>>> print(open('my_file_25.cif').read())   # mmCIF, C-alpha atoms
data_coords
loop_
_atom_site.label_atom_id
_atom_site.label_comp_id
_atom_site.auth_asym_id
_atom_site.auth_seq_id
_atom_site.Cartn_x
_atom_site.Cartn_y
_atom_site.Cartn_z
CA MET A 735 6.52 14.97 -31.92
CA VAL A 736 6.42 14.36 -28.18
CA THR A 737 9.68 15.35 -26.49
CA SER A 738 11.07 14.18 -23.17
CA ALA A 739 10.55 17.63 -21.69
CA HIS A 740 6.97 17.67 -22.96
CA GLU A 741 6.34 14.28 -21.39
CA GLY A 742 7.88 15.26 -18.07
CA MET A 743 5.92 18.51 -17.71
CA HIS A 744 2.61 16.65 -17.49
CA ARG A 745 3.61 13.13 -16.39
CA ILE A 746 5.01 14.37 -13.07
CA PHE A 747 1.47 15.25 -11.95
CA GLU A 748 0.53 11.58 -12.30
CA GLU A 749 3.72 10.20 -10.77
CA ARG A 750 4.12 12.80 -8.00
CA PRO A 751 0.63 14.19 -7.20
CA GLU A 752 1.98 15.93 -4.09
CA ILE A 753 2.85 18.87 -6.35
CA LEU A 754 -0.85 19.55 -7.00
CA ALA A 755 -1.40 21.56 -3.80
CA PRO A 756 1.58 23.93 -4.24
CA VAL A 757 0.88 24.39 -7.96
CA PHE A 758 -2.75 25.30 -7.29
CA GLY A 759 -1.53 27.54 -4.48
CA ALA A 760 0.68 29.41 -6.96
CA LEU A 761 -2.45 29.96 -9.06
CA GLY A 762 -4.37 31.31 -6.08
CA ILE A 763 -6.83 28.40 -6.10
CA PRO A 764 -7.44 26.45 -2.87
CA PHE A 765 -6.56 22.77 -3.04
CA PRO A 766 -6.82 20.36 -0.10
CA GLU A 767 -3.59 18.94 1.26
CA LYS A 768 -5.42 15.62 1.54
CA ALA A 769 -6.79 14.50 -1.79
CA ALA A 770 -6.63 11.26 -3.73
CA ALA A 771 -5.52 11.51 -7.36
CA TYR A 772 -6.04 8.73 -9.89
CA ALA A 773 -4.97 8.60 -13.51
CA VAL A 774 -7.79 7.99 -15.98
CA THR A 775 -7.58 7.30 -19.68
CA SER A 776 -6.28 10.20 -21.73
CA ASP A 777 -7.81 8.87 -24.94
CA ALA A 778 -10.52 11.26 -26.10
CA THR A 779 -11.08 9.53 -29.44
CA GLU A 780 -14.61 8.87 -30.62
CA THR A 781 -14.23 8.26 -34.35
CA ARG A 782 -11.46 7.03 -36.60
CA PRO A 783 -9.15 8.03 -38.15
CA LEU A 784 -9.19 11.16 -35.95
CA VAL A 785 -7.12 10.46 -32.84
CA ARG A 786 -7.10 12.80 -29.84
CA HIS A 787 -5.15 12.35 -26.63
CA VAL A 788 -4.99 14.60 -23.59
CA ASP A 789 -1.48 14.59 -22.13
CA THR A 790 -2.54 13.54 -18.62
CA VAL A 791 -5.95 13.25 -16.99
CA LEU A 792 -6.37 12.85 -13.22
CA ARG A 793 -9.48 12.21 -11.21
CA ILE A 794 -9.19 14.27 -8.03
CA GLU A 795 -11.10 13.19 -4.94
CA PRO A 796 -10.70 16.06 -2.44
CA SER A 797 -11.17 15.61 1.26
CA ASP A 798 -13.30 18.75 1.40
CA GLY A 799 -15.55 18.64 -1.65
CA ASP A 800 -16.80 16.92 -4.78
CA ASP A 801 -14.67 14.99 -7.25
CA PHE A 802 -13.45 16.62 -10.45
CA LEU A 803 -11.16 15.87 -13.37
CA LEU A 804 -7.90 17.66 -14.03
CA ALA A 805 -6.63 17.59 -17.59
CA VAL A 806 -2.95 18.55 -17.78
CA GLU A 807 -1.43 19.73 -21.06
CA ALA A 808 2.25 20.58 -21.63
CA GLN A 809 2.65 23.39 -24.14
CA GLU A 810 6.06 24.47 -25.41
CA ARG A 811 4.99 26.87 -28.14
CA ARG A 812 1.95 28.76 -29.40
CA ASP A 813 -0.37 26.54 -31.40
CA PRO A 814 -3.61 28.08 -32.77
CA ALA A 815 -5.14 24.62 -33.20
CA LYS A 816 -5.00 23.98 -29.47
CA SER A 817 -7.90 26.26 -28.62
CA ALA A 818 -10.28 23.91 -30.45
CA SER A 819 -8.57 20.78 -29.10
CA TRP A 820 -8.77 21.99 -25.51
CA ALA A 821 -12.46 22.85 -25.84
CA TYR A 822 -13.07 19.36 -27.22
CA TYR A 823 -11.13 17.67 -24.40
CA ILE A 824 -13.14 19.46 -21.73
CA ALA A 825 -16.51 18.77 -23.34
CA TYR A 826 -15.65 15.13 -24.00
CA LEU A 827 -14.34 14.41 -20.50
CA GLN A 828 -17.30 16.13 -18.87
CA SER A 829 -19.73 14.15 -21.01
CA LYS A 830 -17.99 10.80 -20.47
CA TYR A 831 -17.34 11.00 -16.72
CA ARG A 832 -20.17 13.34 -15.68
CA LEU A 833 -17.72 15.38 -13.63
CA PRO A 834 -16.59 19.01 -13.78
CA VAL A 835 -13.28 19.48 -15.59
CA LEU A 836 -10.36 21.84 -15.05
CA LEU A 837 -7.64 22.31 -17.66
CA LEU A 838 -4.08 23.05 -16.49
CA VAL A 839 -1.53 24.09 -19.11
CA VAL A 840 2.16 23.92 -18.16
CA CYS A 841 4.59 26.18 -20.05
CA ARG A 842 8.33 26.85 -19.88
CA ASP A 843 8.39 30.29 -21.49
CA ARG A 844 6.48 33.47 -20.74
CA ALA A 845 5.17 34.14 -24.25
CA THR A 846 3.56 30.72 -24.53
CA ALA A 847 2.11 31.00 -21.03
CA LYS A 848 0.57 34.39 -21.81
CA TRP A 849 -1.06 33.04 -24.96
CA ALA A 850 -2.25 29.81 -23.31
CA ALA A 851 -4.19 31.71 -20.64
CA GLY A 852 -6.76 32.65 -23.29
CA PRO A 853 -9.66 32.82 -22.94
CA PHE A 854 -10.58 31.07 -26.20
CA ASP A 855 -14.10 31.71 -27.46
CA CYS A 856 -16.28 29.73 -29.82
CA GLY A 857 -19.21 31.58 -31.31
CA ALA A 858 -20.63 33.56 -34.21
CA ARG A 859 -22.70 36.63 -34.95
CA GLY A 860 -21.64 38.30 -31.74
CA TRP A 861 -22.68 35.38 -29.55
CA THR A 862 -20.24 33.24 -27.52
CA VAL A 863 -21.51 29.69 -27.14
CA GLN A 864 -18.45 28.28 -25.38
CA ARG A 865 -15.42 29.77 -23.65
CA THR A 866 -12.25 27.88 -22.66
CA HIS A 867 -10.31 29.51 -19.85
CA PRO A 868 -7.31 27.34 -18.91
CA LEU A 869 -5.30 27.51 -15.74
CA VAL A 870 -1.71 28.22 -16.77
CA VAL A 871 1.48 27.70 -14.80
CA GLY A 872 4.84 28.92 -16.05
CA PRO A 873 7.95 30.91 -15.13
CA ASP A 874 5.94 34.01 -14.18
CA ASN A 875 3.73 32.44 -11.53
CA LEU A 876 5.48 29.24 -10.42
CA PRO A 877 7.87 29.91 -7.51
CA ALA A 878 11.53 29.11 -8.16
CA VAL A 879 12.72 26.84 -5.34
CA THR A 880 16.23 28.04 -4.47
CA ASP A 881 16.61 27.22 -0.77
CA ARG A 882 17.93 23.88 0.46
CA ARG A 883 15.33 23.32 3.15
CA THR A 884 12.41 23.52 0.72
CA ALA A 885 14.26 21.33 -1.77
CA ALA A 886 14.79 18.67 0.90
CA GLU A 887 11.18 18.84 2.12
CA LYS A 888 9.52 19.11 -1.31
CA PRO A 889 11.78 17.44 -3.90
CA ALA A 890 8.96 16.80 -6.38
CA MET A 891 7.94 20.46 -6.41
CA THR A 892 11.60 21.45 -6.72
CA ALA A 893 12.07 19.13 -9.70
CA PHE A 894 8.96 20.58 -11.34
CA SER A 895 10.26 24.07 -10.61
CA ALA A 896 13.58 23.16 -12.23
CA LEU A 897 11.84 21.91 -15.35
CA THR A 898 9.53 24.92 -15.61
CA HIS A 899 12.38 27.40 -15.06
CA ALA A 900 14.91 25.46 -17.17
CA ASN A 901 15.17 28.36 -19.64
CA SER A 902 15.32 31.04 -16.93
CA ALA A 903 18.34 32.63 -15.28
CA VAL A 904 17.31 31.11 -11.94
CA GLY A 905 17.34 27.56 -13.33
CA ASP A 906 20.90 26.74 -12.21
CA ALA A 907 20.17 27.76 -8.62
CA ILE A 908 17.20 25.39 -8.50
CA LEU A 909 19.31 22.50 -9.80
CA ASP A 910 22.01 23.28 -7.22
CA VAL A 911 19.67 22.98 -4.22
CA LEU A 912 18.01 19.87 -5.62
CA GLY A 913 21.42 18.29 -6.16
CA HIS A 914 22.25 18.98 -2.51
CA ALA A 915 18.94 17.43 -1.43
CA LEU A 916 19.57 14.37 -3.60
CA ALA A 917 22.35 13.15 -1.32
CA GLY A 918 20.00 12.86 1.65
CA MET A 919 17.14 11.12 -0.12
CA GLU A 920 16.02 7.54 0.15
CA GLN A 921 17.56 5.53 -2.68
CA SER A 922 14.47 5.05 -4.87
CA ALA A 923 13.50 8.73 -4.59
CA ALA A 924 17.04 9.83 -5.49
CA GLN A 925 16.99 7.53 -8.49
CA TYR A 926 13.62 8.87 -9.65
CA PHE A 927 14.55 12.56 -9.51
CA SER A 928 18.03 11.99 -10.93
CA GLN A 929 16.65 10.12 -13.93
CA PHE A 930 13.59 12.37 -14.30
CA LEU A 931 15.64 15.52 -14.82
CA ASP A 932 18.33 13.73 -16.81
CA THR A 933 15.64 12.63 -19.28
CA THR A 934 13.43 15.71 -19.33
CA LEU A 935 16.23 18.28 -19.54
CA GLY A 936 17.99 16.23 -22.22
CA THR A 937 20.91 17.81 -24.05
CA THR A 938 20.05 21.37 -23.05
CA PRO A 939 22.50 23.50 -21.03
CA ALA A 940 20.33 22.79 -17.98
CA GLY A 941 20.63 19.07 -18.69
CA GLU A 942 24.42 19.30 -18.82
CA LYS A 943 24.38 21.29 -15.58
CA TRP A 944 22.28 18.61 -13.90
CA ARG A 945 24.53 15.76 -15.02
CA ASN A 946 27.56 17.61 -13.64
CA ILE A 947 25.79 18.07 -10.32
CA VAL A 948 24.83 14.41 -10.10
CA SER A 949 28.38 13.37 -10.96
CA PHE A 950 30.02 15.40 -8.20
CA VAL A 951 27.38 15.78 -5.49
CA ASN A 952 28.53 14.63 -2.05
CA TYR A 953 27.07 11.52 -0.49
CA PHE A 954 27.53 9.77 2.83
CA PRO A 955 29.28 6.36 2.59
CA GLY A 956 27.44 3.39 3.93
CA ARG A 957 23.95 4.83 3.44
CA GLY A 958 23.30 2.94 0.20
CA THR A 959 22.23 6.00 -1.77
CA LEU A 960 21.95 5.88 -5.53
CA LEU A 961 25.13 7.88 -5.98
CA GLU A 962 27.12 5.70 -3.59
CA ARG A 963 25.91 2.52 -5.26
CA THR A 964 26.68 3.87 -8.73
CA PHE A 965 30.19 4.88 -7.63
CA ASN A 966 30.87 1.52 -6.01
CA GLU A 967 29.55 -0.46 -8.95
CA GLY A 968 31.66 1.58 -11.34
CA THR A 969 34.75 1.07 -9.20
CA ALA A 970 34.01 -2.66 -8.87
CA THR A 971 33.70 -2.98 -12.64
CA GLY A 972 37.12 -1.38 -13.11
CA GLU A 973 38.76 -3.58 -10.50
CA ALA A 974 37.13 -6.70 -11.96
CA LYS A 975 38.81 -6.00 -15.27
CA GLY A 976 42.05 -5.62 -13.33
CA VAL A 977 41.59 -9.06 -11.75
CA VAL A 978 41.29 -10.69 -15.17
CA ARG A 979 44.26 -8.73 -16.50
CA VAL A 980 46.54 -9.78 -13.59
CA LEU A 981 45.65 -13.43 -14.14
CA GLU A 982 46.32 -13.19 -17.87
CA VAL A 983 49.67 -11.42 -17.38
CA ARG A 984 50.69 -14.23 -15.01
CA GLY A 985 49.82 -16.76 -17.69
CA ILE A 986 46.88 -18.23 -15.80
CA SER A 987 44.04 -19.49 -17.98
CA VAL A 988 40.68 -17.81 -17.44
CA THR A 989 37.63 -19.68 -18.71
CA ASP A 990 34.63 -17.83 -20.12
CA GLU A 991 32.58 -18.90 -17.09
CA THR A 992 35.17 -17.57 -14.64
CA ARG A 993 35.61 -14.34 -16.60
CA GLU A 994 31.85 -13.78 -16.55
CA ARG A 995 31.68 -14.39 -12.79
CA ILE A 996 34.45 -11.88 -12.14
CA THR A 997 33.27 -9.10 -14.45
CA ALA A 998 29.60 -9.45 -13.49
CA CYS A 999 30.32 -8.84 -9.79
CA THR A 1000 29.43 -5.36 -8.52
CA ASP A 1001 30.40 -5.97 -4.89
CA LEU A 1002 33.42 -3.68 -4.42
CA ALA A 1003 34.70 -5.46 -1.29
CA ARG A 1004 34.63 -8.86 -2.95
CA VAL A 1005 36.29 -7.70 -6.16
CA SER A 1006 39.02 -5.99 -4.12
CA GLU A 1007 39.62 -9.29 -2.33
CA TRP A 1008 39.88 -11.10 -5.67
CA LEU A 1009 42.36 -8.50 -6.90
CA ASP A 1010 44.55 -9.14 -3.87
CA ARG A 1011 44.41 -12.89 -4.51
CA ALA A 1012 45.02 -12.60 -8.25
CA GLY A 1013 48.76 -12.12 -7.70
CA THR A 1014 49.21 -15.40 -5.76
CA VAL A 1015 46.62 -18.00 -6.84
CA GLU A 1016 47.69 -20.90 -9.06
CA ARG A 1017 44.33 -21.28 -10.80
CA ALA A 1018 41.70 -18.64 -11.57
CA GLU A 1019 39.10 -20.73 -9.79
CA ASP A 1020 41.11 -20.45 -6.56
CA LEU A 1021 39.96 -16.81 -6.33
CA PHE A 1022 36.59 -18.05 -5.11
CA THR A 1023 37.86 -20.39 -2.40
CA ASP A 1024 36.23 -19.59 0.94
CA THR A 1025 34.51 -16.58 -0.66
CA PRO A 1026 30.81 -16.67 0.27
CA GLU A 1027 28.25 -15.81 -2.38
CA ALA A 1028 26.80 -12.32 -2.08
CA PRO A 1029 23.06 -11.79 -2.40
CA GLU A 1030 21.94 -10.94 -5.92
CA SER A 1031 21.66 -7.23 -6.64
CA VAL A 1032 18.23 -5.88 -7.30
#
>>> encode(input="my_file_25.cif", output="structure tokens")
Amino acid sequence: MVTSAHEGMHRIFEERPEILAPVFGALGIPFPEKAAAYAVTSDATETRPLVRHVDTVLRIEPSDGDDFLLAVEAQERRDPAKSASWAYYIAYLQSKYRLPVLLLVVCRDRATAKWAAGPFDCGARGWTVQRTHPLVVGPDNLPAVTDRRTAAEKPAMTAFSALTHANSAVGDAILDVLGHALAGMEQSAAQYFSQFLDTTLGTTPAGEKWRNIVSFVNYFPGRGTLLERTFNEGTATGEAKGVVRVLEVRGISVTDETRERITACTDLARVSEWLDRAGTVERAEDLFTDTPEAPESV
């Protein structure tokens, strides 16, 4: 069964390929800072009913060399069957795309990482016909990002570090610096990393820690960050219910259409204005008099 953490450990390479250079650097393998990365099909199925899927496959086009494929597998526990699967993936991808293939296995615990490093041999009678030697990244060799400057400059790598070290003692410190960096991010980036870790860390202690950080992290009003917008929309929703309640207590009829218009509004300034008017208007519809329409939220 594919878990959210499993999905996140390999999907982030496709969604945030900027982590490729620092991850390869942690493995001691040179990787160009300028390289194009494209997702290719992860379906390695040739016959039915046998179905085989690599977690993520990227075509890397380096600025300083020949193209190659990078197959990324997330592994959360030891699985003896994987040695054969990995050998198949590599042979299949090399045959199909006529490109060299590297296999990167991402682990969150040291025992699994040690096992995944292999090498895994295929042979008989004292002869090895094929050897699979994966690249493995895990808590032992992936740096834990615990300083604010790095978190602000490399949020994707910090998020990947948080996921990889989620079961380590240093995990909370990584989440703390990423939470601090979240407040200064552009809105879409903040939303991505907030949701990415919320989903991938799930109901684990690290997940609860992250949700607490996101709930209380400071933000700067007026910048339109994800956290500010979420706070304002939540406050607007509460005040909108208050507008309807004031009208009802005063005995003023509220049609379904008017109720929907009030409660659907997420503009805090407008809802506050309606709340002020709710105590004096004679009809619910009078709330909207001389109130310009706000642009639709996106």
>>> resolve_selection(input="my_file_25.cif", expression="the PyMOL selection byres ((chain A and resi 863-880) around 6)", output="count of residues only")
22
>>> atom_distance(input="my_file_25.cif", atom1="atom CA of A:Ala940", atom2="atom CA of A:Pro751")
24.0 Å
>>> residues_around(input="my_file_25.cif", residues="stretch 980-991 of chain A", least_positions_apart="3", cutoff="9 Å", atoms="all atoms listed in the file", output="list in words")
Lys975, Gly976, Val977, Glu994, Arg995, Ile996, Leu1009, Ala1012, Gly1013, Val1015, Glu1016, Arg1017, Ala1018 and Glu1019 of chain A
>>> closest_residue(input="my_file_25.cif", among="A:Asp843, A:Asp801, A:Glu767, A:Glu741", to="A:Asp789", atoms="all atoms listed in the file")
A:Glu741
>>> atom_distance(input="my_file_25.cif", atom1="atom CA of A:Pro766", atom2="atom CA of A:Pro796")
6.2 Å
>>> residues_near_point(input="my_file_25.cif", point="(21.2, 25.9, -13.9)", cutoff="10 Å", atoms="all atoms listed in the file", output="PDB file with C-alpha atoms, keeping the file's coordinate frame")
ATOM      1  CA  ALA A 896      13.580  23.160 -12.230  1.00  0.00           C
ATOM      2  CA  HIS A 899      12.380  27.400 -15.060  1.00  0.00           C
ATOM      3  CA  ALA A 900      14.910  25.460 -17.170  1.00  0.00           C
ATOM      4  CA  ASN A 901      15.170  28.360 -19.640  1.00  0.00           C
ATOM      5  CA  SER A 902      15.320  31.040 -16.930  1.00  0.00           C
ATOM      6  CA  ALA A 903      18.340  32.630 -15.280  1.00  0.00           C
ATOM      7  CA  VAL A 904      17.310  31.110 -11.940  1.00  0.00           C
ATOM      8  CA  GLY A 905      17.340  27.560 -13.330  1.00  0.00           C
ATOM      9  CA  ASP A 906      20.900  26.740 -12.210  1.00  0.00           C
ATOM     10  CA  ALA A 907      20.170  27.760  -8.620  1.00  0.00           C
ATOM     11  CA  ILE A 908      17.200  25.390  -8.500  1.00  0.00           C
ATOM     12  CA  LEU A 909      19.310  22.500  -9.800  1.00  0.00           C
ATOM     13  CA  ASP A 910      22.010  23.280  -7.220  1.00  0.00           C
ATOM     14  CA  PRO A 939      22.500  23.500 -21.030  1.00  0.00           C
ATOM     15  CA  ALA A 940      20.330  22.790 -17.980  1.00  0.00           C
ATOM     16  CA  GLY A 941      20.630  19.070 -18.690  1.00  0.00           C
ATOM     17  CA  GLU A 942      24.420  19.300 -18.820  1.00  0.00           C
ATOM     18  CA  LYS A 943      24.380  21.290 -15.580  1.00  0.00           C
ATOM     19  CA  TRP A 944      22.280  18.610 -13.900  1.00  0.00           C
ATOM     20  CA  ILE A 947      25.790  18.070 -10.320  1.00  0.00           C
TER      21      ILE A 947
END
>>> atom_distance(input="my_file_25.cif", atom1="atom CA of A:Val774", atom2="atom CA of A:Gln929")
24.6 Å
>>> residues_around(input="my_file_25.cif", residues="A:Val1005", least_positions_apart="5", cutoff="8 Å", atoms="all atoms listed in the file", output="list in words")
Ala970, Glu973, Ala974, Val977, Ile996, Cys999 and Thr1000 of chain A
>>> closest_residue(input="my_file_25.cif", among="A:Leu827, A:Glu920, A:Ala850, A:Leu897", to="A:Asp932", atoms="all atoms listed in the file")
A:Leu897
>>> closest_residue(input="my_file_25.cif", among="A:Phe765, A:Phe758, A:Trp820, A:Tyr831", to="A:Arg793", atoms="only C-alpha atoms")
A:Tyr831
>>> closest_residue(input="my_file_25.cif", among="A:Val911, A:Val978, A:Leu803, A:Leu935", to="A:Lys830", atoms="only C-alpha atoms")
A:Leu803
>>> closest_residue(input="my_file_25.cif", among="A:Met743, A:Pro834, A:Ser797, A:Glu749", to="A:Tyr926", atoms="all atoms listed in the file")
A:Glu749
>>> closest_residue(input="my_file_25.cif", among="A:Phe802, A:Trp849, A:Lys768, A:Ala808", to="A:Arg745", atoms="all atoms listed in the file")
A:Ala808
